[in-house]
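J.: See input_31.cif below, with mmCIF, C-alpha atoms and all ligand atoms.
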```
data_entry
#
loop_
_atom_site.group_PDB
_atom_site.id
_atom_site.type_symbol
_atom_site.label_atom_id
_atom_site.label_comp_id
_atom_site.auth_asym_id
_atom_site.auth_seq_id
_atom_site.Cartn_x
_atom_site.Cartn_y
_atom_site.Cartn_z
ATOM 1 C CA MET K 1 -29.642 -35.220 -121.870
ATOM 2 C CA PRO K 2 -26.445 -36.213 -120.046
ATOM 3 C CA THR K 3 -23.195 -35.866 -121.906
ATOM 4 C CA PRO K 4 -20.596 -38.596 -121.448
ATOM 5 C CA THR K 5 -19.003 -36.571 -118.640
ATOM 6 C CA GLU K 6 -22.145 -36.045 -116.602
ATOM 7 C CA SER K 7 -23.992 -38.478 -114.404
ATOM 8 C CA PRO K 8 -27.679 -38.812 -115.056
ATOM 9 C CA SER K 9 -30.165 -37.219 -112.755
ATOM 10 C CA PRO K 10 -31.914 -39.574 -110.339
ATOM 11 C CA ALA K 11 -34.687 -41.716 -111.786
ATOM 12 C CA PRO K 12 -37.990 -39.856 -111.827
ATOM 13 C CA ALA K 13 -39.800 -39.849 -108.508
ATOM 14 C CA GLU K 14 -43.061 -40.720 -110.276
ATOM 15 C CA ALA K 15 -41.441 -43.957 -111.433
ATOM 16 C CA GLY K 16 -43.949 -45.749 -109.196
ATOM 17 C CA ALA K 17 -44.076 -49.474 -108.578
ATOM 18 C CA PRO K 18 -40.860 -51.396 -109.173
ATOM 19 C CA VAL K 19 -40.448 -53.002 -112.556
ATOM 20 C CA ILE K 20 -38.002 -55.568 -111.157
ATOM 21 C CA GLU K 21 -38.349 -56.772 -107.584
ATOM 22 C CA PHE K 22 -36.243 -59.415 -105.832
ATOM 23 C CA THR K 23 -37.766 -60.742 -102.603
ATOM 24 C CA ASP K 24 -35.741 -63.063 -100.366
ATOM 25 C CA VAL K 25 -34.029 -64.446 -103.436
ATOM 26 C CA GLU K 26 -31.772 -67.423 -102.977
ATOM 27 C CA LYS K 27 -29.686 -69.029 -105.678
ATOM 28 C CA ARG K 28 -27.592 -72.063 -105.056
ATOM 29 C CA PHE K 29 -25.628 -74.257 -107.417
ATOM 30 C CA GLY K 30 -25.496 -77.565 -105.552
ATOM 31 C CA ASP K 31 -24.061 -76.678 -102.132
ATOM 32 C CA ASN K 32 -22.732 -73.342 -103.330
ATOM 33 C CA VAL K 33 -25.099 -70.634 -102.066
ATOM 34 C CA VAL K 34 -24.401 -67.725 -104.387
ATOM 35 C CA LEU K 35 -27.283 -65.402 -103.430
ATOM 36 C CA LYS K 36 -28.965 -65.428 -100.028
ATOM 37 C CA ASP K 37 -32.000 -63.438 -98.856
ATOM 38 C CA LEU K 38 -31.420 -60.929 -101.614
ATOM 39 C CA ASN K 39 -33.878 -58.035 -101.657
ATOM 40 C CA PHE K 40 -33.808 -55.101 -104.033
ATOM 41 C CA SER K 41 -36.001 -53.361 -106.541
ATOM 42 C CA VAL K 42 -35.520 -51.340 -109.687
ATOM 43 C CA ALA K 43 -37.971 -48.640 -110.737
ATOM 44 C CA ARG K 44 -39.270 -48.162 -114.258
ATOM 45 C CA GLY K 45 -36.722 -46.336 -116.378
ATOM 46 C CA GLU K 46 -34.037 -46.723 -113.743
ATOM 47 C CA ARG K 47 -30.556 -47.823 -114.824
ATOM 48 C CA VAL K 48 -28.668 -49.772 -112.196
ATOM 49 C CA THR K 49 -25.086 -51.016 -112.327
ATOM 50 C CA LEU K 50 -24.126 -54.036 -110.235
ATOM 51 C CA ILE K 51 -20.564 -54.203 -108.958
ATOM 52 C CA GLY K 52 -18.779 -56.578 -106.647
ATOM 53 C CA PRO K 53 -15.899 -59.028 -106.462
ATOM 54 C CA SER K 54 -15.557 -61.829 -108.964
ATOM 55 C CA GLY K 55 -17.988 -64.608 -108.123
ATOM 56 C CA SER K 56 -20.317 -62.404 -106.067
ATOM 57 C CA GLY K 57 -23.238 -63.334 -108.313
ATOM 58 C CA LYS K 58 -23.715 -60.347 -110.624
ATOM 59 C CA THR K 59 -24.116 -62.396 -113.791
ATOM 60 C CA THR K 60 -26.315 -64.858 -111.917
ATOM 61 C CA ILE K 61 -28.712 -62.027 -111.025
ATOM 62 C CA LEU K 62 -29.101 -61.064 -114.693
ATOM 63 C CA ARG K 63 -29.528 -64.693 -115.724
ATOM 64 C CA LEU K 64 -32.236 -65.160 -113.084
ATOM 65 C CA VAL K 65 -34.159 -62.181 -114.481
ATOM 66 C CA MET K 66 -33.792 -63.657 -117.978
ATOM 67 C CA THR K 67 -34.991 -67.026 -116.563
ATOM 68 C CA LEU K 68 -31.788 -68.661 -117.789
ATOM 69 C CA GLU K 69 -31.147 -69.977 -114.280
ATOM 70 C CA GLU K 70 -33.594 -71.693 -111.988
ATOM 71 C CA LEU K 71 -34.556 -69.669 -108.911
ATOM 72 C CA THR K 72 -33.962 -71.902 -105.888
ATOM 73 C CA GLY K 73 -35.640 -69.652 -103.292
ATOM 74 C CA GLY K 74 -37.699 -66.482 -103.000
ATOM 75 C CA TYR K 75 -39.497 -64.508 -105.665
ATOM 76 C CA ILE K 76 -38.807 -62.228 -108.608
ATOM 77 C CA HIS K 77 -41.601 -59.930 -109.777
ATOM 78 C CA ILE K 78 -41.679 -58.137 -113.099
ATOM 79 C CA ASP K 79 -44.104 -55.227 -113.124
ATOM 80 C CA GLY K 80 -45.837 -56.738 -110.093
ATOM 81 C CA GLU K 81 -46.273 -60.185 -111.659
ATOM 82 C CA PRO K 82 -44.383 -63.228 -110.363
ATOM 83 C CA LEU K 83 -41.796 -64.329 -112.933
ATOM 84 C CA THR K 84 -41.073 -67.910 -111.905
ATOM 85 C CA HIS K 85 -42.687 -68.674 -108.526
ATOM 86 C CA GLN K 86 -45.582 -67.370 -106.506
ATOM 87 C CA GLN K 87 -47.215 -67.956 -103.154
ATOM 88 C CA ARG K 88 -50.382 -70.051 -103.216
ATOM 89 C CA ASP K 89 -52.053 -71.136 -99.984
ATOM 90 C CA GLY K 90 -48.840 -70.394 -98.117
ATOM 91 C CA ARG K 91 -46.760 -72.511 -100.477
ATOM 92 C CA ARG K 92 -44.157 -71.475 -103.026
ATOM 93 C CA VAL K 93 -45.255 -72.822 -106.395
ATOM 94 C CA PRO K 94 -44.057 -72.302 -109.981
ATOM 95 C CA VAL K 95 -46.039 -69.896 -112.169
ATOM 96 C CA PRO K 96 -47.591 -71.248 -115.369
ATOM 97 C CA LYS K 97 -45.021 -71.524 -118.176
ATOM 98 C CA LYS K 98 -47.190 -69.292 -120.355
ATOM 99 C CA GLN K 99 -46.967 -66.434 -117.864
ATOM 100 C CA GLN K 100 -43.218 -66.830 -117.589
ATOM 101 C CA LYS K 101 -42.872 -66.776 -121.380
ATOM 102 C CA ARG K 102 -45.051 -63.686 -121.684
ATOM 103 C CA LEU K 103 -43.036 -61.780 -119.098
ATOM 104 C CA ARG K 104 -39.807 -62.876 -120.719
ATOM 105 C CA THR K 105 -40.736 -61.215 -124.001
ATOM 106 C CA ARG K 106 -40.433 -57.889 -122.196
ATOM 107 C CA ILE K 107 -36.824 -58.527 -121.233
ATOM 108 C CA GLY K 108 -33.789 -58.338 -123.508
ATOM 109 C CA MET K 109 -30.256 -59.411 -122.727
ATOM 110 C CA VAL K 110 -26.884 -58.725 -124.329
ATOM 111 C CA PHE K 111 -24.147 -61.182 -123.406
ATOM 112 C CA GLN K 112 -20.385 -60.957 -123.138
ATOM 113 C CA GLN K 113 -19.983 -63.531 -125.928
ATOM 114 C CA PHE K 114 -22.691 -62.079 -128.247
ATOM 115 C CA ASN K 115 -24.542 -65.432 -128.503
ATOM 116 C CA LEU K 116 -25.725 -64.865 -132.082
ATOM 117 C CA PHE K 117 -27.064 -67.825 -134.054
ATOM 118 C CA PRO K 118 -24.092 -68.680 -136.317
ATOM 119 C CA ASN K 119 -26.187 -70.452 -138.957
ATOM 120 C CA MET K 120 -28.414 -67.409 -139.534
ATOM 121 C CA THR K 121 -27.692 -64.125 -141.269
ATOM 122 C CA VAL K 122 -27.590 -60.896 -139.310
ATOM 123 C CA LEU K 123 -31.116 -60.042 -140.439
ATOM 124 C CA GLU K 124 -32.436 -63.496 -139.548
ATOM 125 C CA ASN K 125 -30.864 -63.188 -136.100
ATOM 126 C CA ILE K 126 -32.646 -59.891 -135.515
ATOM 127 C CA ILE K 127 -36.096 -60.821 -136.820
ATOM 128 C CA GLU K 128 -36.256 -64.326 -135.358
ATOM 129 C CA ALA K 129 -37.863 -63.415 -132.033
ATOM 130 C CA PRO K 130 -40.114 -60.590 -133.284
ATOM 131 C CA VAL K 131 -41.569 -62.964 -135.907
ATOM 132 C CA HIS K 132 -41.771 -66.152 -133.843
ATOM 133 C CA VAL K 133 -42.411 -64.777 -130.372
ATOM 134 C CA LEU K 134 -44.268 -61.500 -131.028
ATOM 135 C CA SER K 135 -45.931 -62.763 -134.241
ATOM 136 C CA GLN K 136 -44.845 -59.713 -136.228
ATOM 137 C CA SER K 137 -45.015 -60.017 -140.005
ATOM 138 C CA LYS K 138 -41.690 -60.694 -141.679
ATOM 139 C CA GLN K 139 -41.997 -57.407 -143.516
ATOM 140 C CA GLU K 140 -42.600 -55.370 -140.381
ATOM 141 C CA ALA K 141 -39.781 -57.110 -138.501
ATOM 142 C CA THR K 142 -37.390 -56.633 -141.436
ATOM 143 C CA GLN K 143 -38.168 -52.931 -141.676
ATOM 144 C CA LYS K 144 -37.467 -52.450 -137.994
ATOM 145 C CA ALA K 145 -34.310 -54.573 -138.220
ATOM 146 C CA GLN K 146 -32.979 -52.385 -141.034
ATOM 147 C CA SER K 147 -33.553 -49.278 -139.014
ATOM 148 C CA LEU K 148 -31.847 -50.851 -135.984
ATOM 149 C CA LEU K 149 -28.902 -51.870 -138.154
ATOM 150 C CA GLU K 150 -28.574 -48.234 -139.149
ATOM 151 C CA GLN K 151 -28.779 -47.194 -135.523
ATOM 152 C CA VAL K 152 -25.874 -49.490 -134.626
ATOM 153 C CA GLY K 153 -23.858 -48.426 -137.666
ATOM 154 C CA LEU K 154 -24.165 -51.621 -139.728
ATOM 155 C CA PRO K 155 -26.695 -50.763 -142.448
ATOM 156 C CA ASP K 156 -25.028 -52.981 -145.065
ATOM 157 C CA LYS K 157 -24.554 -56.140 -142.981
ATOM 158 C CA ALA K 158 -28.077 -57.588 -143.086
ATOM 159 C CA ASP K 159 -27.056 -60.542 -145.255
ATOM 160 C CA ALA K 160 -23.725 -61.218 -143.580
ATOM 161 C CA HIS K 161 -23.195 -64.190 -141.290
ATOM 162 C CA PRO K 162 -22.007 -63.463 -137.752
ATOM 163 C CA THR K 163 -18.780 -65.400 -138.263
ATOM 164 C CA SER K 164 -17.724 -62.956 -140.985
ATOM 165 C CA LEU K 165 -18.038 -60.015 -138.576
ATOM 166 C CA SER K 166 -15.593 -58.626 -136.029
ATOM 167 C CA GLY K 167 -16.381 -58.956 -132.312
ATOM 168 C CA GLY K 168 -17.454 -55.322 -132.117
ATOM 169 C CA GLN K 169 -19.753 -55.759 -135.111
ATOM 170 C CA GLN K 170 -21.244 -58.948 -133.650
ATOM 171 C CA GLN K 171 -21.944 -57.167 -130.401
ATOM 172 C CA ARG K 172 -23.670 -54.333 -132.271
ATOM 173 C CA VAL K 173 -25.875 -56.918 -133.994
ATOM 174 C CA ALA K 174 -26.615 -58.469 -130.593
ATOM 175 C CA ILE K 175 -27.708 -55.049 -129.304
ATOM 176 C CA ALA K 176 -29.941 -54.589 -132.369
ATOM 177 C CA ARG K 177 -31.399 -58.052 -131.771
ATOM 178 C CA ALA K 178 -32.240 -57.212 -128.164
ATOM 179 C CA LEU K 179 -33.780 -53.854 -129.137
ATOM 180 C CA ALA K 180 -35.880 -55.463 -131.875
ATOM 181 C CA MET K 181 -38.164 -56.820 -129.147
ATOM 182 C CA ASP K 182 -38.762 -53.307 -127.753
ATOM 183 C CA PRO K 183 -37.793 -54.546 -124.305
ATOM 184 C CA GLU K 184 -38.947 -52.778 -121.176
ATOM 185 C CA ILE K 185 -35.922 -54.207 -119.407
ATOM 186 C CA LEU K 186 -32.459 -54.508 -120.925
ATOM 187 C CA LEU K 187 -29.829 -56.656 -119.203
ATOM 188 C CA LEU K 188 -26.209 -55.944 -120.129
ATOM 189 C CA ASP K 189 -23.727 -58.582 -119.006
ATOM 190 C CA GLU K 190 -20.139 -57.390 -119.433
ATOM 191 C CA VAL K 191 -20.914 -56.562 -123.042
ATOM 192 C CA THR K 192 -17.481 -55.145 -123.807
ATOM 193 C CA SER K 193 -15.305 -57.630 -121.912
ATOM 194 C CA ALA K 194 -14.642 -59.806 -124.977
ATOM 195 C CA LEU K 195 -13.917 -56.884 -127.315
ATOM 196 C CA ASP K 196 -10.675 -55.350 -128.551
ATOM 197 C CA PRO K 197 -10.062 -52.129 -126.607
ATOM 198 C CA GLU K 198 -10.324 -49.951 -129.726
ATOM 199 C CA VAL K 199 -13.971 -50.910 -130.377
ATOM 200 C CA VAL K 200 -15.199 -50.750 -126.782
ATOM 201 C CA GLY K 201 -15.986 -47.025 -127.070
ATOM 202 C CA ASP K 202 -18.197 -47.504 -130.155
ATOM 203 C CA VAL K 203 -20.295 -50.167 -128.471
ATOM 204 C CA LEU K 204 -20.646 -48.135 -125.266
ATOM 205 C CA ASN K 205 -21.673 -45.045 -127.252
ATOM 206 C CA ILE K 206 -24.512 -47.010 -128.865
ATOM 207 C CA LEU K 207 -25.686 -48.034 -125.403
ATOM 208 C CA ARG K 208 -25.315 -44.470 -124.103
ATOM 209 C CA GLU K 209 -27.611 -43.365 -126.908
ATOM 210 C CA VAL K 210 -30.146 -46.061 -126.011
ATOM 211 C CA ALA K 211 -30.025 -44.825 -122.405
ATOM 212 C CA ASP K 212 -30.432 -41.199 -123.513
ATOM 213 C CA THR K 213 -33.265 -41.751 -125.950
ATOM 214 C CA THR K 214 -35.430 -44.442 -124.369
ATOM 215 C CA ASN K 215 -37.023 -45.151 -121.018
ATOM 216 C CA VAL K 216 -35.791 -48.734 -120.948
ATOM 217 C CA THR K 217 -34.952 -50.056 -117.488
ATOM 218 C CA MET K 218 -31.382 -51.345 -117.411
ATOM 219 C CA LEU K 219 -29.495 -53.736 -115.174
ATOM 220 C CA ILE K 220 -25.826 -53.488 -116.040
ATOM 221 C CA VAL K 221 -22.796 -55.561 -115.139
ATOM 222 C CA THR K 222 -19.636 -53.882 -116.390
ATOM 223 C CA HIS K 223 -16.038 -53.182 -115.546
ATOM 224 C CA GLU K 224 -16.272 -49.934 -117.522
ATOM 225 C CA MET K 225 -16.657 -47.558 -114.612
ATOM 226 C CA GLY K 226 -16.840 -44.439 -116.812
ATOM 227 C CA PHE K 227 -19.799 -45.932 -118.642
ATOM 228 C CA ALA K 228 -21.412 -47.033 -115.379
ATOM 229 C CA ARG K 229 -21.038 -43.528 -114.021
ATOM 230 C CA ASP K 230 -22.449 -41.885 -117.159
ATOM 231 C CA VAL K 231 -25.561 -44.000 -117.564
ATOM 232 C CA SER K 232 -26.467 -45.308 -114.105
ATOM 233 C CA HIS K 233 -28.935 -43.749 -111.741
ATOM 234 C CA LYS K 234 -27.751 -46.128 -109.071
ATOM 235 C CA VAL K 235 -24.849 -48.449 -108.305
ATOM 236 C CA MET K 236 -25.378 -51.519 -106.139
ATOM 237 C CA MET K 237 -22.448 -53.357 -104.600
ATOM 238 C CA PHE K 238 -22.748 -57.045 -103.829
ATOM 239 C CA ASP K 239 -20.798 -59.278 -101.539
ATOM 240 C CA GLY K 240 -21.656 -62.535 -99.852
ATOM 241 C CA GLY K 241 -24.837 -62.760 -101.933
ATOM 242 C CA ARG K 242 -26.272 -59.514 -100.565
ATOM 243 C CA VAL K 243 -26.360 -55.813 -101.376
ATOM 244 C CA VAL K 244 -23.772 -54.203 -99.101
ATOM 245 C CA GLU K 245 -23.923 -50.656 -100.421
ATOM 246 C CA GLU K 246 -25.963 -48.695 -102.894
ATOM 247 C CA GLY K 247 -26.164 -45.123 -104.051
ATOM 248 C CA HIS K 248 -25.876 -42.582 -106.831
ATOM 249 C CA PRO K 249 -22.724 -43.147 -108.910
ATOM 250 C CA GLU K 250 -21.307 -39.771 -107.879
ATOM 251 C CA THR K 251 -21.498 -40.782 -104.238
ATOM 252 C CA ILE K 252 -20.287 -44.312 -104.763
ATOM 253 C CA PHE K 253 -17.406 -43.535 -107.089
ATOM 254 C CA THR K 254 -16.103 -40.389 -105.462
ATOM 255 C CA ALA K 255 -16.329 -41.103 -101.753
ATOM 256 C CA PRO K 256 -12.607 -41.032 -100.957
ATOM 257 C CA ASP K 257 -13.021 -41.870 -97.298
ATOM 258 C CA HIS K 258 -15.354 -44.773 -97.841
ATOM 259 C CA GLU K 259 -13.245 -47.794 -97.083
ATOM 260 C CA ARG K 260 -15.628 -50.419 -98.446
ATOM 261 C CA THR K 261 -16.316 -48.482 -101.648
ATOM 262 C CA GLN K 262 -12.618 -48.135 -102.277
ATOM 263 C CA LYS K 263 -12.078 -51.841 -101.639
ATOM 264 C CA PHE K 264 -14.792 -52.707 -104.160
ATOM 265 C CA LEU K 265 -13.612 -50.232 -106.748
ATOM 266 C CA GLY K 266 -10.129 -51.614 -106.284
ATOM 267 C CA ALA K 267 -11.493 -55.109 -106.872
ATOM 268 C CA VAL K 268 -13.453 -54.264 -110.004
ATOM 269 C CA LEU K 269 -10.775 -52.034 -111.472
ATOM 270 C CA GLY K 270 -8.030 -54.508 -110.647
ATOM 271 C CA HIS K 271 -6.099 -52.014 -108.446
HETATM 272 N N1 LIG B 1 -23.881 -72.864 -114.112
HETATM 273 C C1 LIG B 1 -23.224 -72.823 -112.946
HETATM 274 N N2 LIG B 1 -22.952 -73.955 -112.274
HETATM 275 C C2 LIG B 1 -22.312 -73.932 -111.081
HETATM 276 N N3 LIG B 1 -21.880 -72.807 -110.487
HETATM 277 C C3 LIG B 1 -22.100 -71.645 -111.121
HETATM 278 C C4 LIG B 1 -22.777 -71.587 -112.374
HETATM 279 N N4 LIG B 1 -22.873 -70.291 -112.758
HETATM 280 C C5 LIG B 1 -22.263 -69.572 -111.790
HETATM 281 N N5 LIG B 1 -21.792 -70.371 -110.809
HETATM 282 C C6 LIG B 1 -21.117 -69.946 -109.590
HETATM 283 O O1 LIG B 1 -21.847 -68.875 -109.017
HETATM 284 C C7 LIG B 1 -20.973 -67.903 -108.472
HETATM 285 C C8 LIG B 1 -21.334 -66.546 -109.003
HETATM 286 O O2 LIG B 1 -21.025 -66.491 -110.388
HETATM 287 P P1 LIG B 1 -21.325 -65.207 -111.260
HETATM 288 O O3 LIG B 1 -20.812 -65.476 -112.635
HETATM 289 O O4 LIG B 1 -22.729 -64.806 -111.106
HETATM 290 O O5 LIG B 1 -20.418 -64.116 -110.529
HETATM 291 P P2 LIG B 1 -19.985 -62.679 -111.026
HETATM 292 O O6 LIG B 1 -20.126 -61.778 -109.847
HETATM 293 O O7 LIG B 1 -20.726 -62.309 -112.252
HETATM 294 O O8 LIG B 1 -18.445 -62.928 -111.331
HETATM 295 P P3 LIG B 1 -17.443 -62.248 -112.405
HETATM 296 O O9 LIG B 1 -17.298 -60.802 -111.995
HETATM 297 O O10 LIG B 1 -16.171 -63.015 -112.234
HETATM 298 O O11 LIG B 1 -18.067 -62.422 -113.748
HETATM 299 C C9 LIG B 1 -19.570 -68.377 -108.749
HETATM 300 O O12 LIG B 1 -19.102 -69.044 -107.601
HETATM 301 C C10 LIG B 1 -19.748 -69.352 -109.883
HETATM 302 O O13 LIG B 1 -18.763 -70.339 -109.857
#
```
Before we go any further, please render this structure as C-alpha cells.

T.:
Amino acid sequence: MPTPTESPSPAPAEAGAPVIEFTDVEKRFGDNVVLKDLNFSVARGERVTLIGPSGSGKTTILRLVMTLEELTGGYIHIDGEPLTHQQRDGRRVPVPKKQQKRLRTRIGMVFQQFNLFPNMTVLENIIEAPVHVLSQSKQEATQKAQSLLEQVGLPDKADAHPTSLSGGQQQRVAIARALAMDPEILLLDEVTSALDPEVVGDVLNILREVADTTNVTMLIVTHEMGFARDVSHKVMMFDGGRVVEEGHPETIFTAPDHERTQKFLGAVLGH
C-alpha cells in the first residue's frame, strides 16, 4: 500500500479492456470547440489525473463522463458499452435513455462546490440515490450511510443539514454520498479548491484511503500535485482539446529537462 510519499505502482497489466474509452470525442459550446478528436482510455482500477491550462477542458471531460454535458461528436464507452451515442448503420445515433441511466449508476462524482441538496439532512443526501436509483431498502441504505459517515469522520452528523456544516465537512458528506452508490468510476473535480487550506489535508487523506482500499477507477482534476503524485497511476496533460503528454507521475513531475512538462506544471501550480 503506498504511503503518502510514494507513487503507486502502475495499474495491473491484467486490467484488460478499458473501463472508460473516449473515441474521437468532440465537445463544443456554440462555436467554441473545447475538445477535438480526443482519444484516450482508462483501465479498470486505474487512477488518472488530468492536468492542463485553465480552460483546456478538464472539467468538461469529467462532466461528459457523468453525462452532465451533451457530447457533440464521437463516442464514450463505459465497460465497452456506448454511454450516449453509438454507431448504427454507419450513423451516429443516441443510445436509449435507459441504457445511459444504467451506466450512469456506476459512476460517482464529487464536485468543487459539494452540490449537496440543502433541503435534505446529511443522511437523506446519502441515501437518496441508493434508495431511488438502486432500489435499496431504506434500512440497508441507512446502515451503509452510517458506516460511510464513520469512514469520513462524521459519525454524529446524520441529522444535520448541509448548511450547518463547514466546507470541509460538506465535502466529506459529498464523498460519502458518491461512495454510497459503490461506484466503479469516481470522478473528482477540484474537490479541495473551495476549501480552507487547513482542511484540505483531511479531505485528501480520505480520498487516499479510498484509493488504497478499493479498486475504483478514478479520473481526477486537481491542483494538488502531491495528491496527484501519490494516488495516480498516470497523468495526462491536455492542451488545445487533445492529450499532449501522458505518463507515470514520477516521470511527468520530475523530468527537469522536459520543457513542455515544466510549462504545464508552471501553469497548474501558478509559477
Ligand atoms: N456550460 C458552458 N457553456 C459554455 N462554455 C463552457 C461551459 N462549460 C465550459 N465552457 C467552456 O469550455 C472551456 C473548458 O472549460 P473547463 O471548465 O472544462 O476547463 P478546465 O480545463 O477545467 O479549466 P479550469 O482549470 O480553469 O477549471 C472553457 O473555454 C469554458 O469557458

J.: Name the residues that the PyMOL selection byres (((not hetatm)) within 7 of (chain B and resi 1)) pulls out of this structure, and write them as a list in words.

T.: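 When the PyMOL selection byres (((not hetatm)) within 7 of (chain B and resi 1)) is applied to the shown file, the picked residues are Phe29, Val34, Gly52, Pro53, Ser54, Gly55, Ser56, Gly57, Lys58, Thr59, Thr60 and Ile61 of chain K.
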
J.: Could the centre and edge lengths of an axis-aligned box, enclosing all atoms of segment 167-174 of chain K in the file with 3 Å extra on each side, be given in Å to one decimal as AutoDock Vina command-line options?

T.:
```
--center_x -21.5 --center_y -56.6 --center_z -132.8 --size_x 16.2 --size_y 10.6 --size_z 10.7
```

J.: Expand the PyMOL selection byres (((chain K and resi 195-201) around 10) and not hetatm) into the explicit residue set it covers here, and present it as a VMD selection string.

T.: chain K and resid 112 to 113 166 to 171 191 to 194 202 to 207 224 227

J.: Can those selected residues be exported to a file as a compact mmCIF listing (two decimals), in the coordinates of the input so that it contains C-alpha atoms?

T.:
```txt
# COMPACT_ATOMS: atom_id res chain seq x y z
CA GLN K 112 -20.39 -60.96 -123.14
CA GLN K 113 -19.98 -63.53 -125.93
CA SER K 166 -15.59 -58.63 -136.03
CA GLY K 167 -16.38 -58.96 -132.31
CA GLY K 168 -17.45 -55.32 -132.12
CA GLN K 169 -19.75 -55.76 -135.11
CA GLN K 170 -21.24 -58.95 -133.65
CA GLN K 171 -21.94 -57.17 -130.40
CA VAL K 191 -20.91 -56.56 -123.04
CA THR K 192 -17.48 -55.14 -123.81
CA SER K 193 -15.30 -57.63 -121.91
CA ALA K 194 -14.64 -59.81 -124.98
CA ASP K 202 -18.20 -47.50 -130.16
CA VAL K 203 -20.30 -50.17 -128.47
CA LEU K 204 -20.65 -48.14 -125.27
CA ASN K 205 -21.67 -45.04 -127.25
CA ILE K 206 -24.51 -47.01 -128.86
CA LEU K 207 -25.69 -48.03 -125.40
CA GLU K 224 -16.27 -49.93 -117.52
CA PHE K 227 -19.80 -45.93 -118.64
```

J.: Restricting the calculation to all atoms listed in the file: of K:Val19, K:Ala158, K:Val48, K:Val133, which residue gets closest to Ala211 of chain K?

T.: K:Val48

J.: Go ahead and compute the interatomic distance for atom CA of Ala129 of chain K and atom CA of Gly73 of chain K, in Å to one decimal.

T.: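 Calculated distance between atom CA of Ala129 of chain K and atom CA of Gly73 of chain K is 29.5 Å.
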
J.: Compare K:Glu69, K:Asp189, K:Glu46, K:Glu150 by their minimum atom-to-atom distance to Asn115 of chain K, counting only C-alpha atoms, and give me the closest one.

T.: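 Among K:Glu69, K:Asp189, K:Glu46, K:Glu150, it is K:Asp189 that comes nearest to Asn115 of chain K.
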
J.: Would you mind reading off the distance between atom CA of Ile252 of chain K and atom CA of Phe238 of chain K, one decimal, in Å?

T.: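 According to the coordinates, atom CA of Ile252 of chain K and atom CA of Phe238 of chain K are separated by 13.0 Å.
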
J.: Report the residues retrieved by the PyMOL selection byres (((chain K and resi 78-94) around 10) and not hetatm) from the displayed file, expressed as a compact mmCIF listing (two decimals) with C-alpha atoms, in the coordinates of the input.

T.:
```txt
# COMPACT_ATOMS: atom_id res chain seq x y z
CA ALA K 17 -44.08 -49.47 -108.58
CA PRO K 18 -40.86 -51.40 -109.17
CA VAL K 19 -40.45 -53.00 -112.56
CA ILE K 20 -38.00 -55.57 -111.16
CA GLU K 21 -38.35 -56.77 -107.58
CA PHE K 22 -36.24 -59.42 -105.83
CA SER K 41 -36.00 -53.36 -106.54
CA VAL K 42 -35.52 -51.34 -109.69
CA ALA K 43 -37.97 -48.64 -110.74
CA ARG K 44 -39.27 -48.16 -114.26
CA LEU K 64 -32.24 -65.16 -113.08
CA VAL K 65 -34.16 -62.18 -114.48
CA MET K 66 -33.79 -63.66 -117.98
CA THR K 67 -34.99 -67.03 -116.56
CA GLU K 70 -33.59 -71.69 -111.99
CA LEU K 71 -34.56 -69.67 -108.91
CA THR K 72 -33.96 -71.90 -105.89
CA GLY K 73 -35.64 -69.65 -103.29
CA GLY K 74 -37.70 -66.48 -103.00
CA TYR K 75 -39.50 -64.51 -105.66
CA ILE K 76 -38.81 -62.23 -108.61
CA HIS K 77 -41.60 -59.93 -109.78
CA VAL K 95 -46.04 -69.90 -112.17
CA PRO K 96 -47.59 -71.25 -115.37
CA LYS K 97 -45.02 -71.52 -118.18
CA GLN K 99 -46.97 -66.43 -117.86
CA GLN K 100 -43.22 -66.83 -117.59
CA LYS K 101 -42.87 -66.78 -121.38
CA ARG K 102 -45.05 -63.69 -121.68
CA LEU K 103 -43.04 -61.78 -119.10
CA ARG K 104 -39.81 -62.88 -120.72
CA ARG K 106 -40.43 -57.89 -122.20
CA ILE K 107 -36.82 -58.53 -121.23
CA GLU K 184 -38.95 -52.78 -121.18
CA ILE K 185 -35.92 -54.21 -119.41
```

J.: Rebuild segment 136-145 of chain K so that it carries N, CA and C atoms, then output the result as a PDB file, keeping the file's coordinate frame.

T.:
```
ATOM      1  N   GLN K 136     -44.881 -60.808-135.253  1.00  0.00           N
ATOM      2  CA  GLN K 136     -44.845 -59.713-136.228  1.00  0.00           C
ATOM      3  C   GLN K 136     -44.735 -60.309-137.634  1.00  0.00           C
ATOM      4  N   SER K 137     -45.205 -59.542-138.641  1.00  0.00           N
ATOM      5  CA  SER K 137     -45.015 -60.017-140.005  1.00  0.00           C
ATOM      6  C   SER K 137     -43.528 -59.894-140.343  1.00  0.00           C
ATOM      7  N   LYS K 138     -43.097 -60.714-141.299  1.00  0.00           N
ATOM      8  CA  LYS K 138     -41.690 -60.694-141.679  1.00  0.00           C
ATOM      9  C   LYS K 138     -41.306 -59.308-142.209  1.00  0.00           C
ATOM     10  N   GLN K 139     -42.264 -58.719-142.923  1.00  0.00           N
ATOM     11  CA  GLN K 139     -41.997 -57.407-143.516  1.00  0.00           C
ATOM     12  C   GLN K 139     -41.795 -56.342-142.433  1.00  0.00           C
ATOM     13  N   GLU K 140     -42.697 -56.350-141.467  1.00  0.00           N
ATOM     14  CA  GLU K 140     -42.600 -55.370-140.381  1.00  0.00           C
ATOM     15  C   GLU K 140     -41.301 -55.556-139.600  1.00  0.00           C
ATOM     16  N   ALA K 141     -40.989 -56.827-139.286  1.00  0.00           N
ATOM     17  CA  ALA K 141     -39.781 -57.110-138.501  1.00  0.00           C
ATOM     18  C   ALA K 141     -38.530 -56.719-139.285  1.00  0.00           C
ATOM     19  N   THR K 142     -38.554 -56.946-140.607  1.00  0.00           N
ATOM     20  CA  THR K 142     -37.390 -56.633-141.436  1.00  0.00           C
ATOM     21  C   THR K 142     -37.176 -55.116-141.498  1.00  0.00           C
ATOM     22  N   GLN K 143     -38.273 -54.394-141.625  1.00  0.00           N
ATOM     23  CA  GLN K 143     -38.168 -52.931-141.676  1.00  0.00           C
ATOM     24  C   GLN K 143     -37.531 -52.393-140.395  1.00  0.00           C
ATOM     25  N   LYS K 144     -37.997 -52.902-139.289  1.00  0.00           N
ATOM     26  CA  LYS K 144     -37.467 -52.450-137.994  1.00  0.00           C
ATOM     27  C   LYS K 144     -35.998 -52.866-137.858  1.00  0.00           C
ATOM     28  N   ALA K 145     -35.694 -54.082-138.319  1.00  0.00           N
ATOM     29  CA  ALA K 145     -34.310 -54.573-138.220  1.00  0.00           C
ATOM     30  C   ALA K 145     -33.368 -53.676-139.026  1.00  0.00           C
TER      31      ALA K 145
END
```
